[in-house]
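Shown next: upload30.txt, containing compact mmCIF, C-alpha atoms.
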# COMPACT_ATOMS: atom_id res chain seq x y z
CA MET G 1 0.00 0.00 0.00
CA VAL G 2 2.73 2.38 1.06
CA ASN G 3 4.65 1.29 -1.99
CA LEU G 4 1.76 2.20 -4.27
CA LEU G 5 1.42 5.59 -2.63
CA ALA G 6 5.14 6.14 -3.00
CA ASN G 7 4.94 5.27 -6.69
CA VAL G 8 2.15 7.74 -7.24
CA GLY G 9 4.17 10.34 -5.35
CA VAL G 10 7.27 9.70 -7.44
CA TRP G 11 5.23 9.89 -10.64
CA TRP G 12 3.67 13.20 -9.60
CA LEU G 13 7.00 14.67 -8.47
CA GLU G 14 8.54 13.72 -11.80
CA ILE G 15 5.75 15.52 -13.67
CA LEU G 16 6.20 18.58 -11.50
CA GLN G 17 9.95 18.49 -12.08
CA ARG G 18 9.47 18.34 -15.83
CA VAL G 19 7.01 21.22 -15.76
CA GLY G 20 9.43 23.24 -13.63
CA ARG G 21 12.34 22.49 -15.93
CA GLY G 22 10.15 23.40 -18.88
CA PHE G 23 9.29 26.81 -17.43
CA LEU G 24 12.88 27.60 -16.47
CA PHE G 25 13.92 26.56 -19.96
CA PHE G 26 11.29 28.86 -21.44
CA ILE G 27 12.64 31.80 -19.46
CA GLN G 28 16.16 30.90 -20.57
CA ILE G 29 15.02 30.95 -24.20
CA LEU G 30 13.37 34.34 -23.72
CA THR G 31 16.57 35.84 -22.33
CA GLY G 32 18.35 34.55 -25.43
CA LEU G 33 16.02 36.29 -27.85
CA PRO G 34 17.45 39.85 -27.73
CA ALA G 35 20.96 38.65 -28.63
CA LEU G 36 19.40 37.06 -31.70
CA LEU G 37 18.73 40.45 -33.22
CA MET G 38 22.47 40.88 -33.59
CA ARG G 39 22.74 37.70 -35.65
CA PRO G 40 19.76 37.52 -38.03
CA GLY G 41 21.60 34.95 -40.14
CA LEU G 42 20.88 32.26 -37.55
CA LEU G 43 17.22 33.14 -37.62
CA ILE G 44 17.01 33.06 -41.41
CA LYS G 45 18.54 29.61 -41.56
CA GLU G 46 15.96 28.31 -39.10
CA LEU G 47 13.12 30.14 -40.84
CA TYR G 48 14.15 28.26 -43.94
CA SER G 49 14.10 24.83 -42.36
CA VAL G 50 11.03 25.48 -40.20
CA GLY G 51 8.94 27.73 -42.43
CA VAL G 52 9.86 27.32 -46.07
CA LEU G 53 10.19 23.55 -45.88
CA SER G 54 6.75 23.33 -44.22
CA LEU G 55 5.16 25.37 -47.02
CA THR G 56 4.42 22.39 -49.26
CA ILE G 57 2.47 20.38 -46.72
CA ILE G 58 0.62 23.46 -45.45
CA LEU G 59 -0.36 24.74 -48.89
CA VAL G 60 -1.42 21.34 -50.22
CA SER G 61 -3.44 20.61 -47.06
CA GLY G 62 -5.05 24.05 -47.27
CA LEU G 63 -6.00 23.36 -50.86
CA PHE G 64 -7.71 20.08 -50.08
CA VAL G 65 -9.30 21.17 -46.81
CA GLY G 66 -10.76 24.20 -48.59
CA MET G 67 -12.11 22.10 -51.43
CA VAL G 68 -13.68 19.56 -49.06
CA LEU G 69 -15.23 22.33 -46.97
CA GLY G 70 -16.63 23.93 -50.12
CA LEU G 71 -18.19 20.67 -51.24
CA GLN G 72 -19.59 19.63 -47.87
CA PHE G 73 -21.04 23.00 -46.93
CA PHE G 74 -22.50 23.35 -50.39
CA MET G 75 -24.30 20.03 -50.09
CA THR G 76 -25.79 20.91 -46.71
CA LEU G 77 -26.56 24.55 -47.45
CA SER G 78 -28.18 23.86 -50.81
CA ARG G 79 -30.69 21.66 -48.99
CA PHE G 80 -31.94 24.86 -47.33
CA GLY G 81 -31.47 27.01 -50.42
CA ALA G 82 -28.75 28.96 -48.65
CA GLU G 83 -25.83 28.44 -51.06
CA SER G 84 -25.05 32.12 -50.78
CA ALA G 85 -23.88 31.55 -47.21
CA LEU G 86 -21.19 29.18 -48.49
CA SER G 87 -18.42 31.76 -48.58
CA VAL G 88 -19.09 33.05 -45.06
CA THR G 89 -19.29 29.55 -43.58
CA VAL G 90 -16.09 28.38 -45.21
CA ASN G 91 -14.29 31.61 -44.37
CA LEU G 92 -15.27 31.62 -40.70
CA THR G 93 -14.51 27.92 -40.30
CA LEU G 94 -11.06 28.41 -41.74
CA LEU G 95 -10.16 31.68 -40.08
CA ARG G 96 -11.43 30.88 -36.63
CA GLU G 97 -10.67 27.21 -36.22
CA LEU G 98 -9.29 25.07 -38.99
CA GLY G 99 -6.63 27.48 -40.20
CA PRO G 100 -4.77 27.85 -36.89
CA VAL G 101 -5.50 24.37 -35.56
CA VAL G 102 -4.74 22.24 -38.61
CA THR G 103 -1.67 24.34 -39.36
CA ALA G 104 -0.45 23.86 -35.79
CA LEU G 105 -1.05 20.10 -35.94
CA LEU G 106 0.78 19.80 -39.25
CA PHE G 107 3.49 22.09 -37.93
CA ALA G 108 3.99 19.91 -34.86
CA GLY G 109 4.30 16.88 -37.12
CA ARG G 110 6.47 18.43 -39.80
CA ALA G 111 8.65 21.02 -38.09
CA GLY G 112 8.29 20.17 -34.39
CA SER G 113 9.42 16.57 -34.76
CA ALA G 114 12.38 17.66 -36.88
CA LEU G 115 13.39 20.22 -34.26
CA THR G 116 13.22 17.68 -31.45
CA ALA G 117 15.16 15.06 -33.38
CA GLU G 118 17.82 17.56 -34.38
CA ILE G 119 18.31 18.99 -30.90
CA GLY G 120 18.05 15.56 -29.30
CA LEU G 121 20.73 14.20 -31.58
CA MET G 122 22.92 17.22 -30.85
CA LYS G 123 22.60 16.40 -27.18
CA THR G 124 23.21 12.69 -27.72
CA THR G 125 26.36 13.33 -29.72
CA GLU G 126 27.43 15.82 -27.04
CA GLN G 127 27.54 18.78 -29.38
CA LEU G 128 25.62 20.81 -26.83
CA SER G 129 28.08 20.03 -24.04
CA GLY G 130 30.86 20.79 -26.51
CA MET G 131 29.43 24.25 -27.00
CA GLU G 132 29.26 24.75 -23.27
CA MET G 133 32.92 23.78 -23.05
CA MET G 134 33.67 26.59 -25.50
CA ALA G 135 31.64 28.99 -23.33
CA VAL G 136 28.89 29.23 -25.92
CA ASP G 137 25.46 28.99 -24.34
CA PRO G 138 23.67 26.29 -26.39
CA VAL G 139 20.28 27.64 -25.37
CA HIS G 140 21.09 31.02 -26.86
CA ARG G 141 22.98 29.70 -29.85
CA VAL G 142 20.92 26.64 -30.84
CA ILE G 143 17.53 26.76 -29.15
CA ALA G 144 16.52 30.44 -29.25
CA PRO G 145 16.76 30.87 -33.06
CA ARG G 146 14.75 27.71 -33.62
CA PHE G 147 12.12 28.82 -31.15
CA LEU G 148 11.78 32.31 -32.58
CA ALA G 149 11.69 31.04 -36.16
CA SER G 150 8.82 28.73 -35.28
CA VAL G 151 6.90 31.52 -33.56
CA ILE G 152 7.33 33.74 -36.63
CA ALA G 153 6.56 31.00 -39.13
CA MET G 154 3.36 29.70 -37.52
CA PRO G 155 1.07 32.74 -38.07
CA LEU G 156 2.40 33.17 -41.63
CA LEU G 157 1.70 29.53 -42.38
CA ALA G 158 -1.75 29.70 -40.78
CA VAL G 159 -2.72 32.76 -42.82
CA LEU G 160 -1.46 31.09 -45.98
CA PHE G 161 -3.43 27.96 -45.11
CA SER G 162 -6.64 29.94 -44.62
CA VAL G 163 -6.21 31.99 -47.78
CA VAL G 164 -5.42 28.97 -49.92
CA GLY G 165 -8.40 27.19 -48.36
CA ILE G 166 -10.75 30.06 -49.13
CA LEU G 167 -9.45 30.33 -52.69
CA SER G 168 -9.95 26.63 -53.30
CA ALA G 169 -13.44 26.79 -51.78
CA TRP G 170 -14.11 29.64 -54.19
CA PHE G 171 -12.81 27.49 -57.04
CA ILE G 172 -15.14 24.64 -56.05
CA GLY G 173 -18.13 26.80 -55.14
CA ALA G 174 -18.06 29.47 -57.82
CA GLY G 175 -16.16 27.56 -60.47
CA LEU G 176 -17.77 24.15 -60.38
CA LEU G 177 -20.96 24.29 -58.30
CA GLY G 178 -22.41 27.50 -59.70
CA VAL G 179 -22.45 29.83 -56.67
CA ASP G 180 -22.32 33.41 -57.91
CA SER G 181 -18.73 34.61 -57.73
CA GLY G 182 -19.61 38.22 -56.98
CA SER G 183 -21.87 37.40 -54.06
CA PHE G 184 -19.29 34.89 -52.83
CA TRP G 185 -16.82 37.72 -52.15
CA ALA G 186 -19.41 40.32 -51.20
CA GLN G 187 -21.02 38.11 -48.53
CA MET G 188 -17.60 37.46 -47.09
CA GLN G 189 -16.75 41.12 -46.87
CA THR G 190 -19.93 42.03 -45.07
CA SER G 191 -20.08 39.14 -42.62
CA VAL G 192 -16.47 38.41 -41.67
CA ASP G 193 -15.17 40.76 -39.04
CA TRP G 194 -11.52 41.71 -39.26
CA TYR G 195 -10.89 42.07 -35.53
CA ASN G 196 -13.21 39.39 -34.17
CA ASP G 197 -12.61 36.70 -36.75
CA ALA G 198 -9.40 37.26 -38.68
CA MET G 199 -7.25 38.78 -35.93
CA ASN G 200 -8.40 36.28 -33.31
CA GLY G 201 -7.40 33.48 -35.67
CA ILE G 202 -3.97 35.05 -36.03
CA TYR G 203 -3.59 35.44 -32.26
CA LYS G 204 -4.51 31.79 -31.92
CA SER G 205 -1.85 30.76 -34.40
CA ILE G 206 0.77 32.83 -32.54
CA VAL G 207 -0.13 31.11 -29.26
CA PHE G 208 -0.03 27.70 -30.95
CA GLY G 209 3.34 28.60 -32.48
CA ILE G 210 4.77 29.44 -29.06
CA VAL G 211 3.41 26.28 -27.45
CA VAL G 212 4.41 23.87 -30.21
CA ALA G 213 7.88 25.39 -30.53
CA TRP G 214 8.36 25.36 -26.77
CA ILE G 215 7.35 21.70 -26.49
CA ALA G 216 9.52 20.74 -29.46
CA VAL G 217 12.72 22.41 -28.29
CA PHE G 218 12.19 21.37 -24.68
CA GLU G 219 11.64 17.73 -25.57
CA GLY G 220 14.78 17.84 -27.68
CA TYR G 221 16.85 19.52 -24.99
CA ASP G 222 15.48 17.29 -22.22
CA THR G 223 15.87 14.05 -24.15
CA ILE G 224 17.57 11.01 -22.66
CA PRO G 225 20.82 10.91 -24.66
CA THR G 226 20.33 7.55 -26.35
CA SER G 227 18.93 6.70 -29.76
CA GLU G 228 15.83 5.33 -28.08
CA GLY G 229 15.49 8.51 -26.04
CA VAL G 230 15.57 10.67 -29.19
CA GLY G 231 12.87 8.52 -30.73
CA ARG G 232 10.70 8.79 -27.63
CA ALA G 233 11.23 12.54 -27.42
CA THR G 234 10.19 12.98 -31.06
CA THR G 235 7.02 11.00 -30.47
CA ARG G 236 6.27 13.02 -27.35
CA THR G 237 6.67 16.26 -29.27
CA VAL G 238 4.04 15.28 -31.80
CA VAL G 239 1.63 13.78 -29.26
CA ASN G 240 1.96 16.44 -26.57
CA GLY G 241 2.13 19.25 -29.11
CA SER G 242 -1.07 18.13 -30.83
CA LEU G 243 -2.90 17.59 -27.55
CA ALA G 244 -1.79 20.97 -26.24
CA VAL G 245 -2.96 22.66 -29.43
CA LEU G 246 -6.38 21.03 -29.32
CA ALA G 247 -6.93 21.71 -25.63
CA LEU G 248 -5.69 25.29 -25.91
CA ASP G 249 -7.92 25.81 -28.92
CA PHE G 250 -10.96 25.02 -26.83
CA ILE G 251 -9.87 27.46 -24.12
CA LEU G 252 -9.02 30.20 -26.61
CA THR G 253 -12.26 29.74 -28.53
CA SER G 254 -14.34 30.01 -25.37
CA LEU G 255 -12.43 33.14 -24.37
CA MET G 256 -12.48 34.82 -27.79
CA PHE G 257 -15.86 33.92 -29.18
CA GLY G 258 -17.69 33.81 -25.87
CA GLY G 259 -20.26 31.29 -24.80
CA ILE G 260 -18.76 30.30 -21.48
CA MET Q 261 26.08 27.44 -40.27
CA ARG Q 262 26.30 29.99 -43.10
CA THR Q 263 23.10 30.60 -44.95
CA THR Q 264 23.20 30.35 -48.71
CA ARG Q 265 21.70 32.99 -50.97
CA THR Q 266 19.03 30.58 -52.18
CA GLN Q 267 17.93 29.90 -48.62
CA GLU Q 268 17.71 33.61 -47.94
CA ALA Q 269 15.72 34.12 -51.11
CA TRP Q 270 13.31 31.38 -50.13
CA VAL Q 271 12.82 32.88 -46.70
CA GLY Q 272 12.19 36.25 -48.30
CA LEU Q 273 9.63 34.70 -50.63
CA PHE Q 274 7.98 32.92 -47.70
CA VAL Q 275 7.64 36.12 -45.67
CA ILE Q 276 6.38 38.10 -48.67
CA LEU Q 277 3.84 35.39 -49.50
CA GLY Q 278 2.60 35.47 -45.92
CA ILE Q 279 2.23 39.22 -45.96
CA ILE Q 280 0.43 39.16 -49.32
CA ALA Q 281 -1.95 36.54 -47.90
CA LEU Q 282 -2.57 38.75 -44.89
CA PHE Q 283 -3.40 41.69 -47.14
CA ALA Q 284 -5.68 39.56 -49.27
CA LEU Q 285 -7.41 38.46 -46.10
CA ALA Q 286 -7.83 42.04 -44.94
CA LEU Q 287 -8.94 43.60 -48.20
CA LYS Q 288 -10.85 40.84 -49.97
CA MET Q 289 -12.02 38.39 -47.35
CA SER Q 290 -13.09 40.47 -44.37
CA ASN Q 291 -14.67 43.78 -43.57
CA PHE Q 292 -11.33 45.47 -42.84
CA SER Q 293 -11.93 48.10 -45.53
CA SER Q 294 -15.14 49.22 -43.81
CA TYR Q 295 -13.13 50.17 -40.72
CA LYS Q 296 -12.43 53.63 -42.04
CA LYS Q 297 -12.12 56.02 -39.13
CA GLU Q 298 -15.27 57.93 -39.68
CA GLU Q 299 -16.48 60.86 -37.67
CA VAL Q 300 -19.76 59.97 -36.05
CA TYR Q 301 -22.35 61.54 -33.82
CA ARG Q 302 -24.47 59.63 -31.35
CA VAL Q 303 -28.23 59.59 -31.10
CA ASN Q 304 -30.38 57.71 -28.60
CA VAL Q 305 -33.54 55.80 -29.44
CA TYR Q 306 -35.83 53.97 -27.05
CA PHE Q 307 -37.64 50.83 -28.09
CA GLU Q 308 -40.23 48.77 -26.28
CA ASN Q 309 -38.68 45.65 -27.75
CA VAL Q 310 -35.43 45.40 -29.68
CA GLY Q 311 -35.93 41.77 -30.70
CA GLY Q 312 -32.58 40.37 -31.81
CA LEU Q 313 -30.84 43.69 -32.43
CA ARG Q 314 -27.15 43.61 -31.55
CA ALA Q 315 -24.34 46.13 -31.37
CA ARG Q 316 -22.62 46.76 -34.76
CA ALA Q 317 -25.88 46.20 -36.65
CA PRO Q 318 -26.24 48.61 -39.57
CA VAL Q 319 -28.32 51.81 -39.47
CA THR Q 320 -29.82 52.59 -42.86
CA LEU Q 321 -31.55 55.44 -44.57
CA SER Q 322 -33.66 54.28 -47.52
CA GLY Q 323 -31.53 51.14 -47.51
CA VAL Q 324 -28.21 53.01 -47.61
CA LYS Q 325 -25.94 52.33 -44.65
CA VAL Q 326 -25.28 55.57 -42.77
CA GLY Q 327 -24.07 54.29 -39.41
CA ARG Q 328 -24.17 51.45 -36.97
CA VAL Q 329 -25.66 50.48 -33.63
CA GLU Q 330 -23.16 51.19 -30.92
CA GLU Q 331 -24.85 49.93 -27.81
CA VAL Q 332 -28.02 48.12 -26.82
CA ALA Q 333 -28.91 48.32 -23.13
CA TYR Q 334 -31.92 48.39 -20.88
CA ASP Q 335 -32.65 51.78 -19.35
CA PRO Q 336 -34.09 51.31 -15.83
CA GLU Q 337 -35.46 54.87 -15.76
CA GLU Q 338 -37.35 54.85 -19.03
CA LEU Q 339 -38.20 51.16 -18.56
CA GLU Q 340 -37.41 50.62 -22.21
CA ALA Q 341 -34.47 49.38 -24.26
CA LYS Q 342 -32.00 52.17 -25.03
CA VAL Q 343 -30.17 51.93 -28.34
CA VAL Q 344 -27.26 54.25 -29.12
CA LEU Q 345 -26.79 54.87 -32.83
CA ALA Q 346 -23.49 56.12 -34.24
CA ILE Q 347 -24.38 58.01 -37.40
CA ASN Q 348 -21.74 59.24 -39.87
CA SER Q 349 -21.19 62.98 -39.63
CA GLY Q 350 -21.81 63.25 -43.35
CA THR Q 351 -25.44 62.40 -42.66
CA ASN Q 352 -26.08 65.57 -40.67
CA PHE Q 353 -29.36 66.54 -42.28
CA LEU Q 354 -31.74 64.24 -40.38
CA PRO Q 355 -34.75 66.22 -39.09
CA ILE Q 356 -35.51 66.10 -35.37
CA ASP Q 357 -38.72 64.14 -35.97
CA THR Q 358 -36.98 61.29 -37.79
CA SER Q 359 -38.38 57.89 -36.86
CA ALA Q 360 -36.44 54.68 -36.30
CA SER Q 361 -37.74 51.16 -36.92
CA ILE Q 362 -36.19 47.76 -36.41
CA TYR Q 363 -36.48 45.58 -39.48
CA THR Q 364 -35.16 42.18 -40.43
CA ALA Q 365 -33.03 41.57 -43.50
CA GLY Q 366 -34.56 38.49 -45.07
CA LEU Q 367 -36.84 36.07 -43.29
CA LEU Q 368 -34.32 34.88 -40.70
CA GLY Q 369 -31.60 37.43 -41.35
CA GLU Q 370 -30.00 39.87 -38.98
CA GLN Q 371 -31.88 42.88 -37.70
CA TYR Q 372 -31.06 46.44 -38.62
CA ILE Q 373 -32.40 49.91 -37.94
CA ALA Q 374 -34.11 51.85 -40.70
CA LEU Q 375 -34.40 55.62 -40.28
CA GLU Q 376 -37.17 57.57 -41.92
CA PRO Q 377 -36.64 61.36 -42.10
CA GLY Q 378 -39.39 63.64 -40.84
CA ALA Q 379 -40.26 67.15 -41.95
CA GLU Q 380 -38.91 69.53 -39.27
CA ASP Q 381 -36.20 72.06 -40.07
CA GLU Q 382 -34.19 71.40 -36.92
CA THR Q 383 -31.75 68.50 -37.30
CA LEU Q 384 -30.53 65.75 -34.97
CA LYS Q 385 -27.35 66.60 -33.04
CA ASP Q 386 -24.91 64.59 -30.97
CA GLY Q 387 -26.75 63.30 -27.91
CA SER Q 388 -30.26 64.07 -29.10
CA LYS Q 389 -33.06 61.58 -28.89
CA ILE Q 390 -35.22 60.12 -31.62
CA ARG Q 391 -38.79 60.29 -30.36
CA HIS Q 392 -40.60 58.06 -32.83
CA SER Q 393 -39.64 54.43 -32.77
CA GLN Q 394 -41.15 51.20 -33.98
CA SER Q 395 -40.18 48.04 -32.15
CA ALA Q 396 -39.02 44.82 -33.70
CA MET Q 397 -41.62 42.39 -34.93
CA VAL Q 398 -41.78 39.39 -32.65
CA LEU Q 399 -42.91 36.31 -34.50
CA GLU Q 400 -44.93 34.94 -31.57
CA GLU Q 401 -46.92 38.17 -31.25
CA LEU Q 402 -47.70 38.17 -34.96
CA VAL Q 403 -48.83 34.58 -34.86
CA GLY Q 404 -50.92 35.35 -31.76
CA GLN Q 405 -52.62 38.28 -33.51
CA VAL Q 406 -53.37 36.19 -36.58
CA LEU Q 407 -54.85 33.48 -34.38
CA VAL Q 408 -57.01 35.99 -32.50
CA ASN Q 409 -58.24 37.46 -35.78
CA LEU Q 410 -59.04 34.06 -37.17
CA THR Q 411 -60.94 32.84 -34.12
CA SER Q 412 -62.84 36.08 -33.59
CA GLY Q 413 -63.86 35.96 -37.27
CA ASP Q 414 -65.37 32.51 -36.71
CA GLU Q 415 -67.61 33.72 -33.87
CA GLU Q 416 -69.27 36.33 -36.04
Starting from the file, lay out its structure as structure tokens.
Amino acid sequence: MVNLLANVGVWWLEILQRVGRGFLFFIQILTGLPALLMRPGLLIKELYSVGVLSLTIILVSGLFVGMVLGLQFFMTLSRFGAESALSVTVNLTLLRELGPVVTALLFAGRAGSALTAEIGLMKTTEQLSGMEMMAVDPVHRVIAPRFLASVIAMPLLAVLFSVVGILSAWFIGAGLLGVDSGSFWAQMQTSVDWYNDAMNGIYKSIVFGIVVAWIAVFEGYDTIPTSEGVGRATTRTVVNGSLAVLALDFILTSLMFGGI
Amino acid sequence: MRTTRTQEAWVGLFVILGIIALFALALKMSNFSSYKKEEVYRVNVYFENVGGLRARAPVTLSGVKVGRVEEVAYDPEELEAKVVLAINSGTNFLPIDTSASIYTAGLLGEQYIALEPGAEDETLKDGSKIRHSQSAMVLEELVGQVLVNLTSGDEE
């Protein structure tokens, strides 16, 4: 009995320790950000690997998600003779929810896992300790640029996802299904609010960017330095990152769009 | 760790694409362009029932949008709903006996306020009150009236 209690206690203490390490790590990253302004080259390299290389998956997913949304909403709305609401429905769905959330999920899978694996391997091969030996702070030199690049890339990717989705819904709706193209855009412009809908979506994607990047770099930095440990850390990044995004999305939605 | 020119170019393209998408979103896909900072003046109207009227609903004059609803609240002194209208300063010719009605755009659409100018020479100013108002139609009341009419017709 006492043993069981002790096990639960150990388990809980380990969680708390991880959370504590995570927060301290986060603060350490933040202190490394100002120095980054002096060396934008580091940032650009990471923006390339985190942002540009994620473009393909984001744009292609946006294309298909938009087309599917266009088709599905058209089928349901046309049952009520409300095809003209297609553009608004698709736009709000993408801007408020699917744009930020799906982008963040894909980002965690595409860029987050790569970050964790890269940093984890650096730790395993003792490159990070090597840097420390040379009095270079690995958190400032390796982690901070990757973190900042992710935070910058996420909102850009989410906006691109939404815009590509809307354009492909327009292609399906106005091009193939016969919704009037003019009213498609006009309805959108009257019913979609810039501050309440578009900006809130962008804020969401910034928050998701911070969380996913934080989880990814922390898992990499905190990995057990074996090949198995790197594998486990990569998995945890994707799983924890996705769960965090989905849970946070619920909280943010209820805060931003009311209801609760 | 040097970055190559191609990488830099790609990053530049990525950022520019993102910004273009943001502009497209603002200008084509949302109501950003209607957020022009317009000078407005405020007028109060009291309604017995505002129905589903919400803040930011349009205020129209012969169907042309001239302002928006700024606030809908219950006034405990007048015991009626108080609606504050923000009307564009360009529309400064509304007579003091203008009337305001709450209408619905479409059968189930959103509600808006329609102004109908009166005949007085004096015009509405900031803070003045519109005296004539027509409340929103409530579907249940209409149905009730129709039912009463139908049944009372039978008795005769």
Go through chain G and flag each residue having an atom no more than 6 Å from chain Q; for those, report the closest pair of atoms plus their distance in Å to one decimal, using all atoms listed in the file, ordered by chain and rising number, as JSON lines.
{"residue": "G:Lys45", "atom": "CA", "partner": "Q:Thr263", "partner_atom": "CA", "distance": 5.8}
{"residue": "G:Tyr48", "atom": "CA", "partner": "Q:Val271", "partner_atom": "CA", "distance": 5.5}
{"residue": "G:Leu156", "atom": "CA", "partner": "Q:Gly278", "partner_atom": "CA", "distance": 4.9}
{"residue": "G:Leu160", "atom": "CA", "partner": "Q:Ala281", "partner_atom": "CA", "distance": 5.8}
{"residue": "G:Met188", "atom": "CA", "partner": "Q:Met289", "partner_atom": "CA", "distance": 5.7}
{"residue": "G:Gln189", "atom": "CA", "partner": "Q:Ser290", "partner_atom": "CA", "distance": 4.5}
{"residue": "G:Thr190", "atom": "CA", "partner": "Q:Asn291", "partner_atom": "CA", "distance": 5.7}
{"residue": "G:Val192", "atom": "CA", "partner": "Q:Ser290", "partner_atom": "CA", "distance": 4.8}
{"residue": "G:Asp193", "atom": "CA", "partner": "Q:Asn291", "partner_atom": "CA", "distance": 5.5}
{"residue": "G:Trp194", "atom": "CA", "partner": "Q:Phe292", "partner_atom": "CA", "distance": 5.2}
Distance CA of Asn348 (chain Q)-CA of Val300 (chain Q), one decimal place?
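Pair CA of Asn348 (chain Q) / CA of Val300 (chain Q) returns 4.4 Å.
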For each of G:Leu167, G:Val159, G:Leu30, G:Val212, take the minimum atom-to-atom distance to Gly70 (chain G), counting all atoms listed in the file, then give the residue where this is smallest.
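Under the stated criterion, the closest residue is G:Leu167.
Counting from CA of Thr56 (chain G), the distance to CA of Gly120 (chain G) is 25.1 Å.
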Which residues, written as a PDB file with C-alpha atoms, in the frame of the given file, have at least one atom at most 9 Å from Glu382 (chain Q), with only C-alpha atoms counted and residues fewer than 6 positions away on the same chain left out?
ATOM      1  CA  PHE Q 353     -29.360  66.540 -42.280  1.00  0.00           C
ATOM      2  CA  LEU Q 354     -31.740  64.240 -40.380  1.00  0.00           C
ATOM      3  CA  PRO Q 355     -34.750  66.220 -39.090  1.00  0.00           C
ATOM      4  CA  ILE Q 356     -35.510  66.100 -35.370  1.00  0.00           C
ATOM      5  CA  ASP Q 357     -38.720  64.140 -35.970  1.00  0.00           C
TER       6      ASP Q 357
END
Excluding Val319 (chain Q) and its own-chain neighbours fewer than 6 positions away, which residues fall within 9 Å of it when counting all atoms listed in the file? Please give them as an MDAnalysis selection string.
chainID Q and resid 325:329 345:347 372:375
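Restricting the calculation to only C-alpha atoms, the smallest distance between Ile166 (chain G) and any of G:Ile15, G:Leu98, G:Leu248, G:Ile27 is found for G:Leu98.
With only C-alpha atoms as the atoms that count, the residue of G:Ser168, G:Thr103, G:Ser87, G:Thr116 with the shortest distance to Gly182 (chain G) is G:Ser87.
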For Leu399 (chain Q), find every residue with an atom within 12 Å (counting all atoms listed in the file), except residues of its own chain fewer than 3 positions away, and show them as a ChimeraX atom specification.
/Q:311-312,364,367-368,396,402-406
Mind pulling up the distance from CA of Trp11 (chain G) to CA of Thr125 (chain G)?
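These two atoms are separated by 28.7 Å.
For the choices G:Val230, G:Ile215, G:Leu92, G:Leu115, the atom-to-atom distance to Asn196 (chain G) is smallest for G:Leu92 when using all atoms listed in the file.
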Using only the atoms of region 371-379 of chain Q listed in the file, plus 3 Å on each side, state the axis-aligned box centre and edge lengths in Å rounded to one decimal, as AutoDock Vina command-line options.
--center_x -35.7 --center_y 55.0 --center_z -39.9 --size_x 15.2 --size_y 30.3 --size_z 10.4
What's the 10 Å shell around Leu36 (chain G), counting all atoms listed in the file, without same-chain residues fewer than 2 positions away, as JSON, numbers by chain?
{"G": [31, 32, 33, 34, 38, 39, 40, 41, 42, 43, 140, 141, 144, 145, 148]}
Name all residues at most 10 Å from Glu308 (chain Q) (count only C-alpha atoms; drop same-chain ones fewer than 2 positions away) and give them as an MDAnalysis selection string.
chainID Q and resid 306 310:311 334 338:342 393:396
Q:Asp386, Q:Glu376, Q:Asp335, Q:Glu370: which is nearest Val303 (chain Q), counting all atoms listed in the file?
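Going through Q:Asp386, Q:Glu376, Q:Asp335, Q:Glu370 one by one, the smallest distance to Val303 (chain Q) is for Q:Asp386.
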Taking all atoms listed in the file into account, name the residue in Q:Leu313, Q:Leu321, Q:Leu407, Q:Glu401 that is nearest to Pro377 (chain Q).
Q:Leu321
May I ask you to restore N, CA and C atoms in region 304-313 of chain Q and write the result as a PDB file, in the frame of the given file?
ATOM      1  N   ASN Q 304     -29.731  58.761 -29.369  1.00  0.00           N
ATOM      2  CA  ASN Q 304     -30.380  57.710 -28.600  1.00  0.00           C
ATOM      3  C   ASN Q 304     -31.779  57.435 -29.129  1.00  0.00           C
ATOM      4  N   VAL Q 305     -32.163  56.179 -29.109  1.00  0.00           N
ATOM      5  CA  VAL Q 305     -33.540  55.800 -29.440  1.00  0.00           C
ATOM      6  C   VAL Q 305     -34.008  54.838 -28.364  1.00  0.00           C
ATOM      7  N   TYR Q 306     -35.286  54.911 -28.031  1.00  0.00           N
ATOM      8  CA  TYR Q 306     -35.830  53.970 -27.050  1.00  0.00           C
ATOM      9  C   TYR Q 306     -36.842  53.073 -27.740  1.00  0.00           C
ATOM     10  N   PHE Q 307     -36.710  51.790 -27.497  1.00  0.00           N
ATOM     11  CA  PHE Q 307     -37.640  50.830 -28.090  1.00  0.00           C
ATOM     12  C   PHE Q 307     -38.304  50.034 -26.983  1.00  0.00           C
ATOM     13  N   GLU Q 308     -39.570  49.662 -27.219  1.00  0.00           N
ATOM     14  CA  GLU Q 308     -40.230  48.770 -26.280  1.00  0.00           C
ATOM     15  C   GLU Q 308     -39.605  47.389 -26.341  1.00  0.00           C
ATOM     16  N   ASN Q 309     -39.241  46.978 -27.562  1.00  0.00           N
ATOM     17  CA  ASN Q 309     -38.680  45.650 -27.750  1.00  0.00           C
ATOM     18  C   ASN Q 309     -37.674  45.723 -28.895  1.00  0.00           C
ATOM     19  N   VAL Q 310     -36.432  45.331 -28.619  1.00  0.00           N
ATOM     20  CA  VAL Q 310     -35.430  45.400 -29.680  1.00  0.00           C
ATOM     21  C   VAL Q 310     -35.292  44.089 -30.426  1.00  0.00           C
ATOM     22  N   GLY Q 311     -36.026  43.053 -30.011  1.00  0.00           N
ATOM     23  CA  GLY Q 311     -35.930  41.770 -30.700  1.00  0.00           C
ATOM     24  C   GLY Q 311     -34.508  41.250 -30.637  1.00  0.00           C
ATOM     25  N   GLY Q 312     -33.931  40.930 -31.788  1.00  0.00           N
ATOM     26  CA  GLY Q 312     -32.580  40.370 -31.810  1.00  0.00           C
ATOM     27  C   GLY Q 312     -31.520  41.378 -32.210  1.00  0.00           C
ATOM     28  N   LEU Q 313     -31.799  42.668 -32.019  1.00  0.00           N
ATOM     29  CA  LEU Q 313     -30.840  43.690 -32.430  1.00  0.00           C
ATOM     30  C   LEU Q 313     -29.580  43.602 -31.587  1.00  0.00           C
TER      31      LEU Q 313
END
